[in-house]
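As C-alpha cells, the structure follows; a few thoughts come after it.
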There are 2 protein chains.
Amino acid sequence: MNDLLKVPKTPKGVETLNNILSAATQLIYERGYHGANIGDITKLAGVATGTFYVYFDSKISLYRYMLLQFSHSIRRELAEKTRGCKTRREAERAGLVAWLEYVRDHPYVYNIIWESLYVDRKLFTEYYETFNKAYVSGLKSAQDNGELANIDLDVLSYALMGISNFVGLKYCMFSESEVDFGNVADEIMKVLERGMFTDYIPAAPVPVPEKARDMNFRVEVDFSFLKQKGKESE
Amino acid sequence: MNDLLKVPKTPKGVETLNNILSAATQLIYERGYHGANIGDITKLAGVATGTFYVYFDSKISLYRYMLLQFSHSIRRELAEKTRGCKTRREAERAGLVAWLEYVRDHPYVYNIIWESLYVDRKLFTEYYETFNKAYVSGLKSAQDNGELANIDLDVLSYALMGISNFVGLKYCMFSESEVDFGNVADEIMKVLERGMFTDYIPAAPVPVPEKARDMNFRVEVDFSFLKQKGKESE
C-alpha cells in the first residue's frame with residue numbers, strides 16, 4: 001500500500017487502473033483538473049464510480065500520482081535514450097531530441113504538469129526541484145570529469161530545462177509543420193558548445209540593489225501600446 | 001474605442017479602470033481566471049458591478065487586455081533597462097537581470113500569463129509568438145552586425161526565453177532566500193559567451209524518424225518508481 005494509490009494485485013486490476021489513468025489524463029487535459037470530475041473519469045474508463053476509490057482516496061491523490069508517473073517516465077525515457085552516449089555533450093543533444101520526441105508523442109504533458117501551478121503550487125515547485133536535483137547530479141559528474149565549464153549547476157540545470165521546455169513549446173505545440181528535431185538540437189548545441197556570441201569579452205558584474213519582496217498588485221492602465229498597435233495597422 | 005476596452009476620457013475614469021485592473025490581477029492570481037468573477041472584481045475595486053461594462057464587454061476581454069498590457073510592460077521594461085547597452089552581449093545580460101527584477105516585483109505575472117494555456121490556448125501561443133517576433137528582430141540586427149553566431153533565430157529566441165523563464169521560476173518563485181541576480185546572469189553569460197562544454201567537438205547530426213502526430217492518451221500504470229521510492233526510504 002502506497003500513500004498515493006492502492007497497488008492492484010491482479011492483471012485485471014492493473015488493466016482497470018490503466019483505464020482510469022488514461023481517462024483521467026484525457027479529461028484533465030481537455031477540461032482542466034477542476035473540470036474533470038471522478039464520475040466522468042470512471043465513465044470514460046468504463047468502470048463504476050466506486051471503483052475509483054478502490055485505487056485512490058481522492059482526485060488529488062490521483063493527480064499527484066500522475067505527476068509522479070510523468071516525472072518518472074520522462075526521466076526514464078531520457079535515461080534510456082542517452083545510455084549509449086560517451087560524453088555529456090552527446091547526452092545533452094540526445095536528451096533534447098528525446099524530450100522533443102516525448103512531447104510530440106504526449107503533447108498533453110505540458111498542460112497537465114503546468115496545471116499543478118494552479119492546483120497546488122507546492123506540487124509544481126516539487127516537480128521541477130526534483131527534476132533539478134537529478135539533473136544537477138548528472139551535470140556534477142560531468143563537471144568533476146572536466147567536461148563542463150565552471151558554471152553554477154542550479155543555474156545551468158534550470159537554464160537547460162528552460163531551453164528544452166520552451167523549444168518544446170515552439171516545435172511541438174505552436175508550430176503547424178513538423179520540424180527535424182535533430183536540426184533544432186544542433187542549433188541549441190551551437191549555443192551550448194561555443195556560445196551565441198562571436199567574440200568573448202567578460203562583462204563587468206552589475207550590482208543589483210536590495211529590495212523588499214512584497215507583492216504589489218497595483219496595475220496601472222496603459223494605453224500607449226494600444227495606440228502604437230493602432231498606428232501599426234493604419 | 002479599442003476592441004478590448006473602452007478608453008476612459010477623464011482622470012476619474014482612468015482611476016476606476018486602474019482599480020478594476022488591479023483587483024482583477026489580484027483575484028485571477030489568487031483564484032484563477034474561472035474563479036474570479038466580475039462581481040468580486042468590482043467589489044474589490046470598490047465600484048458597482050455595472051461599471052465593469054463601461055470599460056469591458058466581458059471577462060475574456062479584460063483578460064486579453066491584461067495579457068497585452070503585461071506583454072507590453074515587460075517589453076518596455078526590458079527596452080528601458082537595455083537602452084544604454086553598447087553590445088548585444090551587454091543587452092542580453094542587462095535584459096536577464098531586468099526580467100528577474102520584474103518577476104521579483106510582479107511574481108503574479110507567471111500565473112496570470114501561463115493560465116492563458118487553460119483559458120484559451122490561442123492566447124498563450126500568441127503571447128509567446130508575439131514576444132518571439134520582437135526578440136528575433138533584435139537578434140537579427142545583432143546577427144547582421146556580426147555579433148551573433150550563425151544560429152537559427154527562432155530556436156535561439158525560444159531558448160533564451162526558456163532560460164529567462166525557468167531561471168525566473170527558480171530564483172523568484174522557488175527559492176526562499178534572495179539571490180544576487182547579477183551573479184545568476186553571470187553564470188548564464190558563461191553559457192551564452194563560451195558555451196557550457198570545456199572542449200568543442202562538433203556532433204554528427206542524428207537522423208530523426210518521421211512519425212505521425214496523433215495524440216495518444218493511453219497511459220499505463222507504472223509501479224517501478226514507487227518501489228524505488230520505497231527502497232530509498234527504507
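The way I read the labels, and the way they are meant: chains A, B, ... in the order of the C-alpha cells, residue 1 as the first residue of every chain, and ligand 1 as the first ligand shown, with later ones counted on from there.
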
Item to check | DSSP alpha helix (DSSP H) selection over segment 112-213 of chain B, as a PyMOL selection string | outcome: chain B and resi 112-114+116-119+121-144+153-168+181-194

Could you please take those selected residues and save C-alpha atoms as a compact mmCIF listing (two decimals), in the first residue's frame?
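Produced file out03.txt, reproduced below:
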# COMPACT_ATOMS: atom_id res chain seq x y z
CA ILE B 112 -1.61 35.02 -14.99
CA ILE B 113 0.25 34.65 -18.28
CA TRP B 114 0.57 30.86 -18.13
CA SER B 116 -3.84 31.53 -20.79
CA LEU B 117 -2.87 27.98 -21.77
CA TYR B 118 -6.02 26.86 -19.94
CA VAL B 119 -8.27 29.83 -20.73
CA ARG B 121 -4.53 28.13 -25.90
CA LYS B 122 -4.50 30.60 -28.79
CA LEU B 123 -3.83 33.41 -26.30
CA PHE B 124 -0.87 31.51 -24.86
CA THR B 125 0.57 30.78 -28.30
CA GLU B 126 0.00 34.37 -29.42
CA TYR B 127 1.68 35.73 -26.29
CA TYR B 128 4.93 33.87 -26.93
CA GLU B 129 4.85 34.10 -30.71
CA THR B 130 4.49 37.89 -30.43
CA PHE B 131 7.34 38.05 -27.92
CA ASN B 132 9.40 35.80 -30.19
CA LYS B 133 8.82 38.05 -33.19
CA ALA B 134 10.16 41.09 -31.34
CA TYR B 135 13.07 39.10 -29.88
CA VAL B 136 14.07 37.67 -33.26
CA SER B 137 14.02 41.15 -34.76
CA GLY B 138 16.54 42.37 -32.17
CA LEU B 139 18.69 39.25 -32.54
CA LYS B 140 18.62 39.66 -36.34
CA SER B 141 20.19 43.13 -36.12
CA ALA B 142 22.93 41.73 -33.88
CA GLN B 143 23.47 38.85 -36.28
CA ASP B 144 23.68 41.27 -39.21
CA LEU B 153 16.98 32.79 -34.58
CA ASP B 154 13.63 31.18 -33.76
CA VAL B 155 15.41 28.38 -31.92
CA LEU B 156 17.71 30.88 -30.22
CA SER B 157 14.87 33.18 -29.22
CA TYR B 158 12.85 30.35 -27.66
CA ALA B 159 15.98 29.02 -25.94
CA LEU B 160 16.65 32.45 -24.43
CA MET B 161 13.02 32.89 -23.38
CA GLY B 162 13.16 29.43 -21.82
CA ILE B 163 16.31 30.29 -19.89
CA SER B 164 14.80 33.53 -18.56
CA ASN B 165 11.52 31.91 -17.64
CA PHE B 166 12.96 28.88 -15.87
CA VAL B 167 15.71 30.77 -14.10
CA GLY B 168 12.97 33.19 -13.06
CA PHE B 181 20.54 38.41 -9.89
CA GLY B 182 23.82 39.75 -11.26
CA ASN B 183 25.54 36.53 -10.19
CA VAL B 184 22.81 34.43 -11.80
CA ALA B 185 23.14 36.43 -15.03
CA ASP B 186 26.93 35.98 -14.97
CA GLU B 187 26.51 32.19 -14.83
CA ILE B 188 24.12 32.29 -17.80
CA MET B 189 26.56 34.54 -19.69
CA LYS B 190 29.23 31.86 -19.34
CA VAL B 191 26.98 29.55 -21.38
CA LEU B 192 25.99 32.21 -23.90
CA GLU B 193 29.51 33.56 -24.34
CA ARG B 194 31.65 30.45 -24.42

Which neighbours of segment 28-30 of chain A fall inside 7 Å, counting only C-alpha atoms, when residues of the same chain fewer than 6 positions from it are skipped, and could you give them as a PDB file with all heavy atoms, in the first residue's frame?
ATOM      1  N   ALA A  36     -12.534  18.113 -14.441  1.00  0.00           N
ATOM      2  CA  ALA A  36     -12.585  16.661 -14.647  1.00  0.00           C
ATOM      3  C   ALA A  36     -13.033  16.005 -13.353  1.00  0.00           C
ATOM      4  O   ALA A  36     -12.241  15.870 -12.424  1.00  0.00           O
ATOM      5  CB  ALA A  36     -11.202  16.146 -15.051  1.00  0.00           C
ATOM      6  N   TYR A 108       0.020  16.369 -24.271  1.00  0.00           N
ATOM      7  CA  TYR A 108      -0.789  16.767 -23.115  1.00  0.00           C
ATOM      8  C   TYR A 108       0.027  16.923 -21.844  1.00  0.00           C
ATOM      9  O   TYR A 108      -0.457  17.501 -20.874  1.00  0.00           O
ATOM     10  CB  TYR A 108      -1.926  15.757 -22.894  1.00  0.00           C
ATOM     11  CG  TYR A 108      -1.481  14.318 -22.839  1.00  0.00           C
ATOM     12  CD1 TYR A 108      -0.890  13.798 -21.689  1.00  0.00           C
ATOM     13  CD2 TYR A 108      -1.638  13.477 -23.929  1.00  0.00           C
ATOM     14  CE1 TYR A 108      -0.476  12.475 -21.649  1.00  0.00           C
ATOM     15  CE2 TYR A 108      -1.229  12.151 -23.887  1.00  0.00           C
ATOM     16  CZ  TYR A 108      -0.647  11.649 -22.750  1.00  0.00           C
ATOM     17  OH  TYR A 108      -0.224  10.350 -22.705  1.00  0.00           O
ATOM     18  N   ASN A 111       0.309  20.597 -20.479  1.00  0.00           N
ATOM     19  CA  ASN A 111      -0.888  21.100 -19.804  1.00  0.00           C
ATOM     20  C   ASN A 111      -1.036  20.500 -18.422  1.00  0.00           C
ATOM     21  O   ASN A 111      -1.335  21.194 -17.458  1.00  0.00           O
ATOM     22  CB  ASN A 111      -2.139  20.724 -20.612  1.00  0.00           C
ATOM     23  CG  ASN A 111      -2.296  21.583 -21.836  1.00  0.00           C
ATOM     24  OD1 ASN A 111      -1.410  21.584 -22.695  1.00  0.00           O
ATOM     25  ND2 ASN A 111      -3.365  22.339 -21.918  1.00  0.00           N
ATOM     26  N   ILE A 112      -0.847  19.186 -18.345  1.00  0.00           N
ATOM     27  CA  ILE A 112      -1.141  18.512 -17.080  1.00  0.00           C
ATOM     28  C   ILE A 112      -0.091  18.858 -16.025  1.00  0.00           C
ATOM     29  O   ILE A 112      -0.428  19.134 -14.875  1.00  0.00           O
ATOM     30  CB  ILE A 112      -1.284  16.988 -17.313  1.00  0.00           C
ATOM     31  CG1 ILE A 112      -2.563  16.752 -18.130  1.00  0.00           C
ATOM     32  CG2 ILE A 112      -1.333  16.234 -15.981  1.00  0.00           C
ATOM     33  CD1 ILE A 112      -2.799  15.328 -18.553  1.00  0.00           C
TER      34      ILE A 112
END

Within 8 Å of segment 10-17 of chain A, counting only C-alpha atoms, which residues qualify if same-chain residues fewer than 2 places away don't, as a compact mmCIF listing (two decimals) with all heavy atoms, in the first residue's frame?
# COMPACT_ATOMS: atom_id res chain seq x y z
N PRO A 8 -2.90 -2.61 -7.33
CA PRO A 8 -3.74 -3.79 -7.59
C PRO A 8 -2.92 -5.08 -7.59
O PRO A 8 -1.74 -5.07 -7.92
CB PRO A 8 -4.32 -3.51 -8.98
CG PRO A 8 -3.40 -2.53 -9.61
CD PRO A 8 -2.74 -1.76 -8.51
N ASN A 19 -6.98 2.02 -17.25
CA ASN A 19 -8.11 2.71 -17.88
C ASN A 19 -8.45 3.99 -17.13
O ASN A 19 -8.76 5.02 -17.74
CB ASN A 19 -9.33 1.79 -17.95
CG ASN A 19 -9.12 0.65 -18.93
OD1 ASN A 19 -8.29 0.75 -19.83
ND2 ASN A 19 -9.87 -0.44 -18.76
N ILE A 20 -8.41 3.92 -15.81
CA ILE A 20 -8.71 5.11 -15.01
C ILE A 20 -7.66 6.19 -15.26
O ILE A 20 -7.99 7.37 -15.47
CB ILE A 20 -8.79 4.75 -13.50
CG1 ILE A 20 -10.03 3.87 -13.24
CG2 ILE A 20 -8.82 5.99 -12.63
CD1 ILE A 20 -10.11 3.31 -11.83
N LEU A 21 -6.40 5.79 -15.28
CA LEU A 21 -5.31 6.75 -15.51
C LEU A 21 -5.43 7.40 -16.89
O LEU A 21 -5.24 8.61 -17.03
CB LEU A 21 -3.96 6.03 -15.48
CG LEU A 21 -3.26 5.89 -14.16
CD1 LEU A 21 -1.95 5.14 -14.36
CD2 LEU A 21 -2.98 7.29 -13.56
N ALA A 45 -13.58 5.65 -18.36
CA ALA A 45 -12.75 4.46 -18.14
C ALA A 45 -13.59 3.18 -18.24
O ALA A 45 -13.03 2.07 -18.29
CB ALA A 45 -12.07 4.54 -16.78
N VAL A 47 -15.77 2.04 -15.92
CA VAL A 47 -15.90 1.33 -14.64
C VAL A 47 -16.89 2.09 -13.74
O VAL A 47 -17.23 3.25 -14.02
CB VAL A 47 -14.54 1.22 -13.90
CG1 VAL A 47 -13.55 0.43 -14.74
CG2 VAL A 47 -13.97 2.59 -13.53
N TYR A 55 -8.70 2.33 -5.73
CA TYR A 55 -7.28 2.64 -6.00
C TYR A 55 -6.79 3.95 -5.39
O TYR A 55 -5.66 4.05 -4.95
CB TYR A 55 -7.04 2.63 -7.52
CG TYR A 55 -7.40 1.30 -8.11
CD1 TYR A 55 -8.59 1.12 -8.83
CD2 TYR A 55 -6.59 0.19 -7.88
CE1 TYR A 55 -8.94 -0.12 -9.33
CE2 TYR A 55 -6.94 -1.06 -8.38
CZ TYR A 55 -8.11 -1.21 -9.10
OH TYR A 55 -8.46 -2.44 -9.57
N VAL B 221 -0.07 2.23 -16.06
CA VAL B 221 0.36 2.35 -14.67
C VAL B 221 1.79 1.82 -14.53
O VAL B 221 2.21 0.91 -15.25
CB VAL B 221 -0.60 1.58 -13.75
CG1 VAL B 221 -0.51 0.09 -13.98
CG2 VAL B 221 -0.36 1.94 -12.30

Next on the checklist: Need to verify the contact set: segment 86-91 of chain B, 8 Å, only C-alpha atoms, exclusion of same-chain residues closer than 4 positions in sequence. Can you return it as a PyMOL selection string?
Outcome noted: (chain A and resi 197+203) or (chain B and resi 82+95+139+142+147)

Output file for the selection above: N, CA and C atoms, as a PDB file, in the first residue's frame:
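Writing the result to result.pdb gives the following:
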ATOM      1  N   PHE A 197      27.729  34.259 -28.906  1.00  0.00           N
ATOM      2  CA  PHE A 197      28.403  35.476 -29.362  1.00  0.00           C
ATOM      3  C   PHE A 197      29.688  35.144 -30.113  1.00  0.00           C
ATOM      4  N   ALA A 203      31.819  40.432 -19.206  1.00  0.00           N
ATOM      5  CA  ALA A 203      31.068  41.614 -18.789  1.00  0.00           C
ATOM      6  C   ALA A 203      31.311  41.873 -17.308  1.00  0.00           C
TER       7      ALA A 203
ATOM      8  N   THR B  82      17.867  48.137 -21.177  1.00  0.00           N
ATOM      9  CA  THR B  82      18.955  47.745 -22.077  1.00  0.00           C
ATOM     10  C   THR B  82      19.323  48.883 -23.037  1.00  0.00           C
ATOM     11  N   GLY B  95      19.194  42.554 -19.846  1.00  0.00           N
ATOM     12  CA  GLY B  95      17.803  42.142 -20.041  1.00  0.00           C
ATOM     13  C   GLY B  95      17.412  41.019 -19.091  1.00  0.00           C
ATOM     14  N   LEU B 139      17.562  40.183 -32.333  1.00  0.00           N
ATOM     15  CA  LEU B 139      18.686  39.247 -32.541  1.00  0.00           C
ATOM     16  C   LEU B 139      19.194  39.344 -33.983  1.00  0.00           C
ATOM     17  N   ALA B 142      21.633  42.101 -34.450  1.00  0.00           N
ATOM     18  CA  ALA B 142      22.931  41.728 -33.879  1.00  0.00           C
ATOM     19  C   ALA B 142      23.641  40.717 -34.780  1.00  0.00           C
ATOM     20  N   GLU B 147      27.612  40.216 -34.523  1.00  0.00           N
ATOM     21  CA  GLU B 147      27.784  39.970 -33.081  1.00  0.00           C
ATOM     22  C   GLU B 147      27.370  38.560 -32.673  1.00  0.00           C
TER      23      GLU B 147
END

Checklist entry - By how many Å are atom CA of Asp40 of chain B and atom CA of Glu115 of chain B apart? => result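 Between these atoms lies a distance of 19.1 Å.
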
Item to check | Point-to-point distance in Å for atom CA of Arg75 of chain B and atom CA of Cys172 of chain B | outcome: 18.6 Å

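Taking atom CA of Ala94 of chain B as the reference point, atom CA of Thr198 of chain B is found at 25.4 Å.
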
Item to check | Contact residues around segment 62-71 of chain A with only C-alpha atoms at 7 Å, ignoring same-chain residues under 3 positions, as JSON, numbers by chain | outcome: {"A": [4, 56, 58, 59, 74, 75, 113], "B": [222]}

Output N, CA, C and O atoms for every residue in that selection, as a short mmCIF file (atom, residue, chain, number, x, y, z; two decimals), in the first residue's frame.
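Output saved as selection.cif:
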data_model
loop_
_atom_site.label_atom_id
_atom_site.label_comp_id
_atom_site.auth_asym_id
_atom_site.auth_seq_id
_atom_site.Cartn_x
_atom_site.Cartn_y
_atom_site.Cartn_z
N LEU A 4 -0.17 7.07 -2.20
CA LEU A 4 -0.94 7.71 -3.28
C LEU A 4 -2.00 6.79 -3.87
O LEU A 4 -3.05 7.25 -4.30
N PHE A 56 -7.66 4.96 -5.40
CA PHE A 56 -7.25 6.29 -4.92
C PHE A 56 -8.22 6.77 -3.85
O PHE A 56 -9.42 6.51 -3.94
N SER A 58 -8.72 10.02 -3.34
CA SER A 58 -9.26 11.31 -3.77
C SER A 58 -8.69 11.67 -5.13
O SER A 58 -7.72 11.06 -5.60
N LYS A 59 -9.27 12.69 -5.76
CA LYS A 59 -8.79 13.14 -7.06
C LYS A 59 -7.39 13.71 -6.95
O LYS A 59 -6.56 13.54 -7.84
N ILE A 74 9.36 10.44 -17.92
CA ILE A 74 10.21 11.34 -18.71
C ILE A 74 11.68 11.08 -18.39
O ILE A 74 12.51 10.94 -19.28
N ARG A 75 12.00 10.98 -17.11
CA ARG A 75 13.40 10.75 -16.75
C ARG A 75 13.91 9.40 -17.24
O ARG A 75 15.04 9.28 -17.68
N ILE A 113 1.17 18.91 -16.41
CA ILE A 113 2.21 19.23 -15.43
C ILE A 113 2.10 20.70 -15.00
O ILE A 113 2.12 21.01 -13.81
N ASP B 222 2.54 2.43 -13.67
CA ASP B 222 3.95 2.06 -13.53
C ASP B 222 4.31 2.10 -12.05
O ASP B 222 4.31 3.16 -11.43
#

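Contact shell of Asn37 of chain B at 10 Å (only C-alpha atoms; same-chain neighbours under 3 positions omitted): Ala24, Leu27, Ile28, Arg31, Gly32, Tyr33, His34, Asp40, Ile41, Thr42 and Lys59 of chain B.
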